[in-house]
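Reviewing the structure listed below.
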Amino acid sequence: MSPFIGSAPRTERWHHLRLAVDDGVATVTLARPEKLNALTFGAYADLRDLLAELSRERTVRALVLGGEGRGFCSGGDVDEIIGATLSMDTAQLLDFNRMTGQVVRAIRECPFPVIAAVHGVAAGAGAVLALAADFRIADPSARFAFLFTRVGLSGGDMGAAYLLPRVVGLGHATRLLMLGEPVRAPEAERIGLLSELTEDGGADARAAELARRLADGPALAHAQTKALLTAELDMPLAASVELDANTQALLMNGEDYAEFHAAFTEKRTPKWRGR
């Protein structure tokens, strides 16, 4: 994502979520605990715009996405979104659905790893937000449910039919998206939906720990690895190895690669600069 901006100023206050940044680690909290952090039109738009801003600023090296209260995110708000969409025409509905997809693209395309810290429910759009993250850290209370068919819509919402088979395989993805049944944390770990299962109440702390580790590491190497993982999902092998070769040649000309050699020679820890 380009770091160049036009006349739009930096957003000083986000109305539909909380943002905290500490030495390269951003923590984004969905903060409607009384509604199990159900998403509104504004929440989708804030997530889309926030990820774009952080990507342009290049000051964040890892991001944790979590939810306040009893759960991660219960999906789209039944009254504020589902009720409202019943009175929209096709053009308005297309705008809305494209916006939700833009959030998922922003998570996948931002130049820093995103870690979903999941406790309690991650349902509907909430499950897809977690799915789009690079890491999913959950405690035993977590349960994922791709509920779209339960409300009469396609299970392939927000890129779920693209991402989920690539994470858990076509068989599990078909079951989860077609039936909309909840998957609790132990099964989610077994089928590969989780990166890590923690002890009770441990997801936020473990996600923060992982984010710090990533932020303190070679940020450019992480950014390029994430970009290649996304880009090469649909590439033939020949194109993939050529893209790998070009990427490695660029990184081998970078400061971090030289710093590793210097640190190894001097028997010290590398001082990564993300360059």
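By order of appearance in the structure tokens: chains A, B, ..., then residues from 1 within every chain, and ligands from 1 in the order shown.
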
Checklist entry - Which residues in range 33-119 of chain A does DSSP call helix (DSSP H, G or I)? List them as a ChimeraX atom specification. => result /A:33-35,41-57,78-85,90-109

I need the residues from that last selection saved to file as a tab-separated table (two decimals), in the first residue's frame (with N, CA and C atoms), if you can.
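Listing of part36.tsv after writing:
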```tsv
chain	number	residue	atom	x	y	z
A	33	PRO	N	-19.38	-3.80	23.91
A	33	PRO	CA	-19.56	-5.05	24.68
A	33	PRO	C	-21.00	-5.39	24.97
A	34	GLU	N	-21.84	-4.37	25.07
A	34	GLU	CA	-23.25	-4.63	25.36
A	34	GLU	C	-23.95	-5.32	24.19
A	35	LYS	N	-23.34	-5.26	23.00
A	35	LYS	CA	-23.89	-5.90	21.79
A	35	LYS	C	-22.96	-7.00	21.29
A	41	PHE	N	-22.41	-0.16	10.19
A	41	PHE	CA	-21.84	0.41	8.97
A	41	PHE	C	-20.58	1.22	9.31
A	42	GLY	N	-20.68	2.00	10.39
A	42	GLY	CA	-19.54	2.83	10.78
A	42	GLY	C	-18.35	2.02	11.22
A	43	ALA	N	-18.58	0.89	11.90
A	43	ALA	CA	-17.48	0.05	12.35
A	43	ALA	C	-16.73	-0.55	11.17
A	44	TYR	N	-17.47	-1.04	10.18
A	44	TYR	CA	-16.82	-1.54	8.97
A	44	TYR	C	-15.97	-0.45	8.32
A	45	ALA	N	-16.55	0.73	8.17
A	45	ALA	CA	-15.84	1.82	7.51
A	45	ALA	C	-14.61	2.24	8.30
A	46	ASP	N	-14.73	2.28	9.64
A	46	ASP	CA	-13.57	2.63	10.45
A	46	ASP	C	-12.45	1.61	10.32
A	47	LEU	N	-12.78	0.33	10.32
A	47	LEU	CA	-11.75	-0.70	10.16
A	47	LEU	C	-11.06	-0.56	8.80
A	48	ARG	N	-11.84	-0.37	7.77
A	48	ARG	CA	-11.27	-0.18	6.42
A	48	ARG	C	-10.32	1.01	6.38
A	49	ASP	N	-10.78	2.14	6.91
A	49	ASP	CA	-9.99	3.37	6.83
A	49	ASP	C	-8.79	3.35	7.77
A	50	LEU	N	-8.96	2.74	8.96
A	50	LEU	CA	-7.85	2.66	9.90
A	50	LEU	C	-6.71	1.83	9.33
A	51	LEU	N	-7.02	0.68	8.77
A	51	LEU	CA	-5.97	-0.16	8.20
A	51	LEU	C	-5.25	0.54	7.06
A	52	ALA	N	-5.98	1.31	6.27
A	52	ALA	CA	-5.34	2.07	5.19
A	52	ALA	C	-4.41	3.13	5.76
A	53	GLU	N	-4.85	3.85	6.79
A	53	GLU	CA	-4.00	4.88	7.39
A	53	GLU	C	-2.74	4.29	8.01
A	54	LEU	N	-2.90	3.21	8.78
A	54	LEU	CA	-1.73	2.60	9.41
A	54	LEU	C	-0.76	2.06	8.37
A	55	SER	N	-1.30	1.56	7.28
A	55	SER	CA	-0.44	1.04	6.21
A	55	SER	C	0.36	2.15	5.56
A	56	ARG	N	-0.26	3.30	5.37
A	56	ARG	CA	0.46	4.43	4.75
A	56	ARG	C	1.51	5.00	5.70
A	57	GLU	N	1.20	5.08	6.98
A	57	GLU	CA	2.11	5.73	7.92
A	57	GLU	C	3.39	4.94	8.15
A	78	VAL	N	-27.93	-6.98	14.08
A	78	VAL	CA	-29.19	-7.42	13.49
A	78	VAL	C	-30.08	-6.23	13.15
A	79	ASP	N	-30.18	-5.26	14.04
A	79	ASP	CA	-31.05	-4.11	13.79
A	79	ASP	C	-30.40	-3.09	12.87
A	80	GLU	N	-29.15	-2.74	13.17
A	80	GLU	CA	-28.53	-1.62	12.46
A	80	GLU	C	-28.03	-1.99	11.08
A	81	ILE	N	-27.79	-3.28	10.82
A	81	ILE	CA	-27.36	-3.67	9.48
A	81	ILE	C	-28.41	-4.54	8.81
A	82	ILE	N	-28.76	-5.69	9.39
A	82	ILE	CA	-29.69	-6.58	8.71
A	82	ILE	C	-31.04	-5.89	8.50
A	83	GLY	N	-31.53	-5.24	9.54
A	83	GLY	CA	-32.78	-4.52	9.38
A	83	GLY	C	-32.70	-3.42	8.34
A	84	ALA	N	-31.60	-2.69	8.34
A	84	ALA	CA	-31.45	-1.57	7.40
A	84	ALA	C	-31.31	-2.05	5.96
A	85	THR	N	-30.64	-3.18	5.76
A	85	THR	CA	-30.43	-3.64	4.38
A	85	THR	C	-31.73	-4.07	3.71
A	90	THR	N	-30.57	-2.34	-4.88
A	90	THR	CA	-29.44	-3.19	-5.27
A	90	THR	C	-28.12	-2.43	-5.26
A	91	ALA	N	-28.13	-1.19	-5.74
A	91	ALA	CA	-26.89	-0.41	-5.77
A	91	ALA	C	-26.36	-0.17	-4.36
A	92	GLN	N	-27.25	0.15	-3.43
A	92	GLN	CA	-26.83	0.37	-2.05
A	92	GLN	C	-26.31	-0.92	-1.42
A	93	LEU	N	-26.98	-2.02	-1.70
A	93	LEU	CA	-26.54	-3.30	-1.17
A	93	LEU	C	-25.17	-3.69	-1.71
A	94	LEU	N	-24.94	-3.41	-2.98
A	94	LEU	CA	-23.64	-3.71	-3.58
A	94	LEU	C	-22.56	-2.85	-2.93
A	95	ASP	N	-22.84	-1.58	-2.68
A	95	ASP	CA	-21.87	-0.72	-2.00
A	95	ASP	C	-21.52	-1.27	-0.62
A	96	PHE	N	-22.54	-1.70	0.12
A	96	PHE	CA	-22.30	-2.23	1.46
A	96	PHE	C	-21.46	-3.50	1.41
A	97	ASN	N	-21.85	-4.43	0.57
A	97	ASN	CA	-21.12	-5.70	0.50
A	97	ASN	C	-19.69	-5.51	-0.02
A	98	ARG	N	-19.49	-4.57	-0.90
A	98	ARG	CA	-18.13	-4.27	-1.33
A	98	ARG	C	-17.30	-3.69	-0.19
A	99	MET	N	-17.94	-2.87	0.64
A	99	MET	CA	-17.22	-2.30	1.77
A	99	MET	C	-16.76	-3.39	2.74
A	100	THR	N	-17.61	-4.36	3.03
A	100	THR	CA	-17.21	-5.42	3.95
A	100	THR	C	-16.04	-6.21	3.37
A	101	GLY	N	-16.06	-6.42	2.06
A	101	GLY	CA	-14.94	-7.10	1.42
A	101	GLY	C	-13.67	-6.27	1.45
A	102	GLN	N	-13.82	-4.96	1.40
A	102	GLN	CA	-12.64	-4.09	1.47
A	102	GLN	C	-11.95	-4.20	2.81
A	103	VAL	N	-12.72	-4.45	3.87
A	103	VAL	CA	-12.11	-4.65	5.19
A	103	VAL	C	-11.22	-5.89	5.18
A	104	VAL	N	-11.74	-6.97	4.62
A	104	VAL	CA	-10.96	-8.21	4.55
A	104	VAL	C	-9.72	-8.02	3.69
A	105	ARG	N	-9.87	-7.35	2.56
A	105	ARG	CA	-8.70	-7.08	1.72
A	105	ARG	C	-7.68	-6.23	2.46
A	106	ALA	N	-8.14	-5.27	3.23
A	106	ALA	CA	-7.22	-4.41	3.97
A	106	ALA	C	-6.44	-5.21	5.00
A	107	ILE	N	-7.09	-6.19	5.65
A	107	ILE	CA	-6.39	-7.04	6.60
A	107	ILE	C	-5.33	-7.88	5.90
A	108	ARG	N	-5.70	-8.43	4.75
A	108	ARG	CA	-4.76	-9.29	4.01
A	108	ARG	C	-3.64	-8.49	3.35
A	109	GLU	N	-3.90	-7.25	2.96
A	109	GLU	CA	-2.94	-6.49	2.17
A	109	GLU	C	-2.12	-5.49	2.97
```

Next on the checklist: Give me, as a list in words, all polymer residues having an atom no more than 6 Å from range 222-231 of chain A, counting only C-alpha atoms and skipping those fewer than 2 positions away in the same chain.
Outcome noted: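 Here the answer would be Pro111, Phe112, Ala219, Leu220 and Leu233 of chain A.
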
Keeping C-alpha atoms for every residue in the selection just given, could you write it to a file as a CSV table (one decimal), in the first residue's frame?
```
chain,number,residue,atom,x,y,z
A,111,PRO,CA,2.2,-4.5,5.3
A,112,PHE,CA,2.2,-5.8,8.9
A,219,ALA,CA,9.5,-5.8,9.6
A,220,LEU,CA,10.3,-5.7,5.9
A,233,LEU,CA,-2.3,-18.5,-3.4
```

Next on the checklist: Set the distance at 9 Å and use only C-alpha atoms: which residues neighbour range 122-138 of chain A once local chain neighbours fewer than 3 positions away are removed? I'd like the list as a ChimeraX atom specification.
Outcome noted: /A:37-39,65,71-76,100,103-105,107-108,113-119,141-148,157-160,163-164,167,180,182,185,193-199,201-204,206-207,226

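Proximity of A:Glu232, A:Glu181, A:Asp22, A:Glu255 to Ala215 in chain A, computed with only C-alpha atoms, is greatest for A:Asp22.
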
Could you list, as an mmCIF file with N, CA and C atoms, in the first residue's frame, every residue within 12 Å of Trp272 in chain A, counting only C-alpha atoms and ignoring same-chain residues fewer than 3 positions away?
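Written file, out-v2.cif:
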```cif
data_model
loop_
_atom_site.group_PDB
_atom_site.id
_atom_site.type_symbol
_atom_site.label_atom_id
_atom_site.label_comp_id
_atom_site.auth_asym_id
_atom_site.auth_seq_id
_atom_site.Cartn_x
_atom_site.Cartn_y
_atom_site.Cartn_z
ATOM 1 N N ARG A 61 4.180 -2.109 13.135
ATOM 2 C CA ARG A 61 4.863 -3.316 12.652
ATOM 3 C C ARG A 61 4.112 -4.597 13.010
ATOM 4 N N ARG A 213 6.891 -9.643 19.669
ATOM 5 C CA ARG A 213 7.963 -10.400 19.004
ATOM 6 C C ARG A 213 8.053 -10.024 17.521
ATOM 7 N N LEU A 214 6.909 -9.943 16.856
ATOM 8 C CA LEU A 214 6.906 -9.594 15.444
ATOM 9 C C LEU A 214 7.371 -8.157 15.223
ATOM 10 N N ALA A 215 6.897 -7.244 16.059
ATOM 11 C CA ALA A 215 7.269 -5.837 15.905
ATOM 12 C C ALA A 215 8.753 -5.607 16.127
ATOM 13 N N ASP A 216 9.361 -6.411 16.991
ATOM 14 C CA ASP A 216 10.788 -6.277 17.263
ATOM 15 C C ASP A 216 11.655 -6.977 16.220
ATOM 16 N N GLY A 217 11.034 -7.684 15.299
ATOM 17 C CA GLY A 217 11.772 -8.443 14.291
ATOM 18 C C GLY A 217 11.963 -7.656 13.001
ATOM 19 N N PRO A 218 12.385 -8.353 11.939
ATOM 20 C CA PRO A 218 12.650 -7.696 10.646
ATOM 21 C C PRO A 218 11.351 -7.376 9.919
ATOM 22 N N ALA A 219 10.857 -6.170 10.092
ATOM 23 C CA ALA A 219 9.525 -5.801 9.610
ATOM 24 C C ALA A 219 9.387 -5.945 8.102
ATOM 25 N N LEU A 220 10.413 -5.594 7.347
ATOM 26 C CA LEU A 220 10.312 -5.690 5.894
ATOM 27 C C LEU A 220 10.232 -7.149 5.454
ATOM 28 N N ALA A 221 10.981 -8.010 6.116
ATOM 29 C CA ALA A 221 10.907 -9.440 5.806
ATOM 30 C C ALA A 221 9.515 -9.983 6.118
ATOM 31 N N HIS A 222 8.934 -9.552 7.249
ATOM 32 C CA HIS A 222 7.579 -9.990 7.576
ATOM 33 C C HIS A 222 6.570 -9.484 6.543
ATOM 34 N N GLY A 254 19.079 -5.163 1.188
ATOM 35 C CA GLY A 254 18.579 -4.310 2.254
ATOM 36 C C GLY A 254 19.487 -4.260 3.462
ATOM 37 N N GLU A 255 19.192 -3.332 4.358
ATOM 38 C CA GLU A 255 20.007 -3.133 5.556
ATOM 39 C C GLU A 255 19.875 -4.288 6.545
ATOM 40 N N ASP A 256 18.677 -4.868 6.661
ATOM 41 C CA ASP A 256 18.486 -5.927 7.647
ATOM 42 C C ASP A 256 19.302 -7.172 7.323
ATOM 43 N N TYR A 257 19.429 -7.479 6.051
ATOM 44 C CA TYR A 257 20.212 -8.650 5.651
ATOM 45 C C TYR A 257 21.682 -8.457 6.017
ATOM 46 N N ALA A 258 22.206 -7.255 5.740
ATOM 47 C CA ALA A 258 23.594 -6.956 6.113
ATOM 48 C C ALA A 258 23.762 -6.927 7.632
ATOM 49 N N GLU A 259 22.741 -6.420 8.324
ATOM 50 C CA GLU A 259 22.789 -6.364 9.787
ATOM 51 C C GLU A 259 22.839 -7.761 10.382
ATOM 52 N N PHE A 260 22.093 -8.715 9.808
ATOM 53 C CA PHE A 260 22.166 -10.078 10.320
ATOM 54 C C PHE A 260 23.591 -10.611 10.233
ATOM 55 N N HIS A 261 24.238 -10.393 9.098
ATOM 56 C CA HIS A 261 25.602 -10.916 8.925
ATOM 57 C C HIS A 261 26.554 -10.264 9.919
ATOM 58 N N ALA A 262 26.398 -8.957 10.096
ATOM 59 C CA ALA A 262 27.266 -8.251 11.044
ATOM 60 C C ALA A 262 27.034 -8.757 12.460
ATOM 61 N N ALA A 263 25.775 -8.943 12.838
ATOM 62 C CA ALA A 263 25.460 -9.418 14.189
ATOM 63 C C ALA A 263 25.963 -10.842 14.401
ATOM 64 N N THR A 269 22.919 -9.807 19.101
ATOM 65 C CA THR A 269 21.553 -9.845 18.568
ATOM 66 C C THR A 269 21.396 -8.791 17.466
ATOM 67 N N ARG A 275 14.454 -2.297 7.002
ATOM 68 C CA ARG A 275 14.896 -1.705 5.727
ATOM 69 C C ARG A 275 15.753 -2.686 4.950
#
```

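The spacing separating CA of Ala31 in chain A from CA of Pro165 in chain A amounts to 29.8 Å.
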
Checklist entry - How many Å separate CA of Ala208 in chain A from CA of Arg184 in chain A? => result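 Taking CA of Ala208 in chain A and CA of Arg184 in chain A, their separation equals 22.3 Å.
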
Item to check | All strand (DSSP E) residues (DSSP, backbone) inside range 54-213 of chain A, as an MDAnalysis selection string | outcome: chainID A and resid 62:67 114:118 121:123 135:138 143:145 183:184 196:197

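With only C-alpha atoms as the atoms that count, the residue of A:Lys271, A:Arg212, A:Arg150, A:Arg175 with the shortest distance to Leu63 in chain A is A:Arg212.
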